[in-house]
Amino acid sequence: MELTASLPIPAARRARLRRGWRKLGFGFAVAVIVSPAIMVFLWMLSLSVKTEVDNTAYPPIFIPDHPTLANFVQVFTENSMGLYFWNSIVVSGCATLVALAVGIPAGYGIARTQAHKLTVLILIARMTPALSYLIPLFTVFQLLGLNNTLTALVITHLVITVPIIVYVMAGHFETLPKELEEAALIDGGSVWTSFRYVALPLARPGVVVATILAFIFSWNNFVFGAVLAGRATRTLPAAVYNVLTFEQLAWGPLAAAALIVTVPVLLLTIVIQKEIVVGLTHGGVKA
Amino acid sequence: MTSATAAVARPGFLARRHRSYYFFAVPALVVVGAVIIFPWLFTVWMSAFDWKIGSTAHFVGLENYLGLAKNQRFIESIVHTFYFTLLAVVVPLVLGLVAALIFHHRFPFRGMLRGIFTMPMMATPVAVALVWTMMFHPQQGVLNYLLSLVGLPPSLWVYSPTWVIPSLVLVEIWHWTPLVMLIVLGGLAALPTEPYESARLDGASEWQLFRYITLPLIAPFLVVAAVIRTIDALKAFDTIYVISQGGPGTASETINLYLYLQAFAFYNVGNASAVVVVFFVIILALALLLLYVRQRAKWS
């Protein structure tokens, strides 16, 4: 800039130059804010496809000459990643299905009765640290002999899935026109039929978003699995931490396991790009 | 709007149906009562007992709370939590605002780059925490290598009592700045164009446009982001637990970490429940404080 200003350059060219510098600066700013996001994932990928020798090399090797899938093979054959993956699918899947069964009607009820006070409950639930649900539930499961079972995990994961589904569905039903339901009621339908055959089919996009958000939050949860699960019932995040770090595993398998946990979430995220923010701020925002 | 007109046209029509809509919420209320409300009440009840899992409980009234007030380690954990929270709210707010201003412009591949930028916030915390643990490694970690590239001395990162909390905040910034960005971006998208046009005609500079038009208009969104960020930072657990376990020593032991130890390492559920109650009051107080600030800002 200073250089161009000090030289006798025609005004038009100077303006063009300035715009060029601006574009360059802007491009640089974009690169600076985006690169940390992608770098950590690329580093995770890099660690997972390298041998132990390459992973501990200094200076670090970013792109290996001989990428290997041995780390992935190892975590599936020796660390039963398959089992933990299945546990996670069962726990998050069941917790999401139960939450949908009770949460969709509840969201509808809240939207149609304008019972917004109920959403305060959701806000308070969001503010409560997850550990504080664990202590009472852990104590009760202990009495019932349910600790170390998948059932206990599914029940506990409802803490995550129910509020998010109720919140998303209540918001979604409120955006639907009421005229169609009213027409159904005038034609002699019950409140239930107008929900089942009019409102519910219209709310399908909302159901998809709510399902994916609930599944992701449940999938990402670590502490419930870490406390309540036994060796064979751990969910994926708990297993990646407990099994792999306690057995003093090397970086390669650890990164491979981390990648296996993360990839399903990132794929689901792509499907609901635009609605993510609603899910993450649930309870906190009233526009 | 539509319901209001309908109610006027057919008085009592919706009101008559109104009550039956409450039944839709019953199954969810049962579940919420069992897994959310019952734990709240049970926690408050347990906090009045000296109770270790496996032994009998003794009623001690407020003794657990009095013990916490004198507990040096617990008080330090509150200080650590506040320090962590302050950094983990302010830095993402500033960076998120900058990122939102950038993504508010049109440029090639904007959608794709925004998608990449927001990837961290959905990623499984434990998984990314493990990768950060490897990156923080003082000898073989990639971060010290990057420091050496720009001529800076290596850091001990999470192995240094001084730097452990800022290092953990670094992970938190990486993880949650995108959420702030998306919230602020929503605010920017709703901005009116007229004030800018007239201010430009009056010869306002870009900085003045930002300072006197943009910033006041998106302030409510920043407050929302601050509330959410504060709640989440206070509650941060996974990354701290995985990366530092509250160490070295107790240098990064936040309330949540202390709570975990009390409950699931020592099975001291009475004491841990008292910690939960105090913790919840702190979260609630800070959230209300921020909302109060927002109200004040609205009036003035």
# chains A, B, ... in the order shown; residues from 1 in each chain; ligands from 1
>>> residues_around(residues="Asn147 in chain A", least_positions_apart="4", cutoff="12 Å", atoms="only C-alpha atoms", output="number ranges by chain")
A: 134, 137-143, 151-156, 224-234
>>> write_last_selection(atoms="N, CA and C atoms", output="CSV table (one decimal), in the first residue's frame")
chain,number,residue,atom,x,y,z
A,134,LEU,N,-26.1,-38.2,36.5
A,134,LEU,CA,-25.5,-39.5,36.6
A,134,LEU,C,-25.5,-40.0,38.0
A,137,LEU,N,-28.9,-41.4,39.0
A,137,LEU,CA,-29.3,-42.5,38.2
A,137,LEU,C,-28.4,-43.7,38.5
A,138,PHE,N,-27.1,-43.4,38.6
A,138,PHE,CA,-26.1,-44.4,39.0
A,138,PHE,C,-26.6,-45.1,40.3
A,139,THR,N,-27.0,-44.3,41.3
A,139,THR,CA,-27.4,-44.9,42.6
A,139,THR,C,-28.6,-45.8,42.4
A,140,VAL,N,-29.6,-45.3,41.6
A,140,VAL,CA,-30.8,-46.1,41.4
A,140,VAL,C,-30.5,-47.4,40.6
A,141,PHE,N,-29.7,-47.3,39.5
A,141,PHE,CA,-29.4,-48.4,38.7
A,141,PHE,C,-28.6,-49.5,39.6
A,142,GLN,N,-27.8,-49.0,40.5
A,142,GLN,CA,-27.1,-49.9,41.5
A,142,GLN,C,-28.1,-50.7,42.2
A,143,LEU,N,-29.2,-50.0,42.7
A,143,LEU,CA,-30.2,-50.7,43.5
A,143,LEU,C,-31.0,-51.7,42.6
A,151,THR,N,-29.5,-51.3,28.8
A,151,THR,CA,-30.7,-50.7,29.2
A,151,THR,C,-30.5,-49.4,30.0
A,152,ALA,N,-29.6,-49.5,31.0
A,152,ALA,CA,-29.3,-48.3,31.8
A,152,ALA,C,-28.8,-47.2,30.9
A,153,LEU,N,-27.9,-47.6,30.0
A,153,LEU,CA,-27.4,-46.5,29.1
A,153,LEU,C,-28.5,-45.9,28.3
A,154,VAL,N,-29.4,-46.7,27.7
A,154,VAL,CA,-30.4,-46.1,26.9
A,154,VAL,C,-31.3,-45.2,27.7
A,155,ILE,N,-31.6,-45.6,29.0
A,155,ILE,CA,-32.4,-44.7,29.8
A,155,ILE,C,-31.7,-43.4,30.1
A,156,THR,N,-30.4,-43.5,30.4
A,156,THR,CA,-29.7,-42.3,30.7
A,156,THR,C,-29.6,-41.4,29.5
A,224,PHE,N,-21.6,-40.7,30.2
A,224,PHE,CA,-22.5,-41.7,30.6
A,224,PHE,C,-22.0,-43.1,30.4
A,225,GLY,N,-21.4,-43.3,29.2
A,225,GLY,CA,-20.8,-44.6,28.9
A,225,GLY,C,-19.6,-44.9,29.8
A,226,ALA,N,-18.8,-43.9,30.1
A,226,ALA,CA,-17.6,-44.1,30.9
A,226,ALA,C,-18.0,-44.5,32.3
A,227,VAL,N,-19.1,-44.0,32.9
A,227,VAL,CA,-19.5,-44.4,34.2
A,227,VAL,C,-20.4,-45.6,34.3
A,228,LEU,N,-21.4,-45.7,33.5
A,228,LEU,CA,-22.4,-46.7,33.6
A,228,LEU,C,-22.1,-48.0,33.0
A,229,ALA,N,-21.2,-48.0,32.0
A,229,ALA,CA,-21.1,-49.2,31.1
A,229,ALA,C,-20.0,-50.1,31.7
A,230,GLY,N,-20.2,-51.4,31.5
A,230,GLY,CA,-19.2,-52.4,31.8
A,230,GLY,C,-18.3,-52.6,30.7
A,231,ARG,N,-17.3,-53.5,30.8
A,231,ARG,CA,-16.4,-53.7,29.7
A,231,ARG,C,-17.0,-54.1,28.4
A,232,ALA,N,-18.1,-54.8,28.4
A,232,ALA,CA,-18.7,-55.3,27.1
A,232,ALA,C,-19.8,-54.3,26.7
A,233,THR,N,-20.2,-53.4,27.5
A,233,THR,CA,-21.3,-52.5,27.1
A,233,THR,C,-20.9,-51.1,26.8
A,234,ARG,N,-19.6,-50.8,26.8
A,234,ARG,CA,-19.2,-49.5,26.5
A,234,ARG,C,-19.7,-48.9,25.2
>>> residues_around(residues="Gly96 in chain B", least_positions_apart="3", cutoff="6 Å", atoms="only C-alpha atoms", output="VMD selection string")
chain B and resid 92 to 93 99 to 100 177 180 to 181
>>> residues_around(residues="Asn71 in chain A", least_positions_apart="3", cutoff="6 Å", atoms="only C-alpha atoms", output="PyMOL selection string")
chain A and resi 74+252-253
>>> atom_distance(atom1="CA of Met127 in chain A", atom2="CA of Leu146 in chain A")
26.8 Å
>>> atom_distance(atom1="CA of Ala129 in chain B", atom2="CA of His175 in chain B")
9.8 Å
>>> residues_around(residues="range 133-145 of chain B", least_positions_apart="3", cutoff="6 Å", atoms="only C-alpha atoms", output="count of residues only")
7
>>> interface_residues(of="chain B", to="chain A", cutoff="6 Å", atoms="only C-alpha atoms", output="list in words")
Tyr21, Tyr22, Phe24, Ala25, Pro27, Ala28, Pro39, Phe117, Ala123, Thr124, Ala127, Gln140, Lys235 and Val276 of chain B
>>> select_by_dssp(residues="range 11-237 of chain B", states="alpha helix (DSSP H)", output="MDAnalysis selection string")
chainID B and resid 13:22 26:32 38:46 63:70 72:104 110:122 125:136 142:149 164:189 194:201 206:209 215:235
>>> select_by_dssp(residues="range 44-135 of chain B", states="strand (DSSP E)", output="list in words")
Phe49, Asp50, His58 and Phe59 of chain B
>>> residues_around(residues="Asn64 in chain B", least_positions_apart="4", cutoff="10 Å", atoms="only C-alpha atoms", output="list in words")
Ser47, Ala48, Phe49, Asp50, Val60, Leu68, Ala69, Gly270, Asn271, Ala272, Ser273, Ala274 and Val275 of chain B
>>> residues_around(residues="Thr68 in chain A", least_positions_apart="4", cutoff="10 Å", atoms="only C-alpha atoms", output="NGL selection string")
:A and (48-51 or 64 or 72-73 or 252)
>>> write_last_selection(atoms="N, CA and C atoms", output="PDB file, in the first residue's frame")
ATOM      1  N   SER A  48      -3.664 -41.810  11.612  1.00  0.00           N
ATOM      2  CA  SER A  48      -4.315 -43.116  11.569  1.00  0.00           C
ATOM      3  C   SER A  48      -3.794 -44.005  10.447  1.00  0.00           C
ATOM      4  N   VAL A  49      -3.152 -43.422   9.445  1.00  0.00           N
ATOM      5  CA  VAL A  49      -2.694 -44.255   8.322  1.00  0.00           C
ATOM      6  C   VAL A  49      -1.162 -44.386   8.302  1.00  0.00           C
ATOM      7  N   LYS A  50      -0.518 -44.026   9.442  1.00  0.00           N
ATOM      8  CA  LYS A  50       0.933 -44.128   9.491  1.00  0.00           C
ATOM      9  C   LYS A  50       1.365 -45.246  10.436  1.00  0.00           C
ATOM     10  N   THR A  51       2.564 -45.759  10.204  1.00  0.00           N
ATOM     11  CA  THR A  51       3.129 -46.734  11.132  1.00  0.00           C
ATOM     12  C   THR A  51       3.603 -45.994  12.379  1.00  0.00           C
ATOM     13  N   PRO A  64       2.503 -39.633   4.682  1.00  0.00           N
ATOM     14  CA  PRO A  64       3.421 -40.787   4.704  1.00  0.00           C
ATOM     15  C   PRO A  64       3.724 -41.311   3.292  1.00  0.00           C
ATOM     16  N   PHE A  72      -6.344 -49.586  11.533  1.00  0.00           N
ATOM     17  CA  PHE A  72      -7.777 -49.870  11.534  1.00  0.00           C
ATOM     18  C   PHE A  72      -8.027 -51.351  11.757  1.00  0.00           C
ATOM     19  N   VAL A  73      -7.233 -52.189  11.070  1.00  0.00           N
ATOM     20  CA  VAL A  73      -7.371 -53.635  11.241  1.00  0.00           C
ATOM     21  C   VAL A  73      -7.151 -53.994  12.705  1.00  0.00           C
ATOM     22  N   GLY A 252      -1.133 -44.496  16.426  1.00  0.00           N
ATOM     23  CA  GLY A 252      -1.810 -44.885  15.188  1.00  0.00           C
ATOM     24  C   GLY A 252      -3.187 -45.478  15.438  1.00  0.00           C
TER      25      GLY A 252
END
>>> atom_distance(atom1="CA of Val169 in chain B", atom2="CA of Leu234 in chain B")
11.8 Å
>>> closest_residue(among="A:Ile212, A:Ala250, A:Ile89, A:Val168", to="Glu52 in chain A", atoms="only C-alpha atoms")
A:Ala250
>>> residues_around(residues="Ala199 in chain A", least_positions_apart="5", cutoff="8 Å", atoms="only C-alpha atoms", output="ChimeraX atom specification")
/A:173,176,181,194
>>> write_last_selection(atoms="N, CA and C atoms", output="tab-separated table (two decimals), in the first residue's frame")
chain	number	residue	atom	x	y	z
A	173	PHE	N	-43.61	-27.53	14.64
A	173	PHE	CA	-45.08	-27.56	14.54
A	173	PHE	C	-45.66	-26.15	14.56
A	176	LEU	N	-46.15	-24.69	11.17
A	176	LEU	CA	-47.12	-25.29	10.26
A	176	LEU	C	-48.45	-24.53	10.32
A	181	GLU	N	-55.51	-28.59	9.92
A	181	GLU	CA	-55.93	-29.36	11.09
A	181	GLU	C	-57.34	-28.96	11.51
A	194	SER	N	-56.23	-35.61	13.53
A	194	SER	CA	-55.69	-34.42	12.85
A	194	SER	C	-54.18	-34.33	13.06
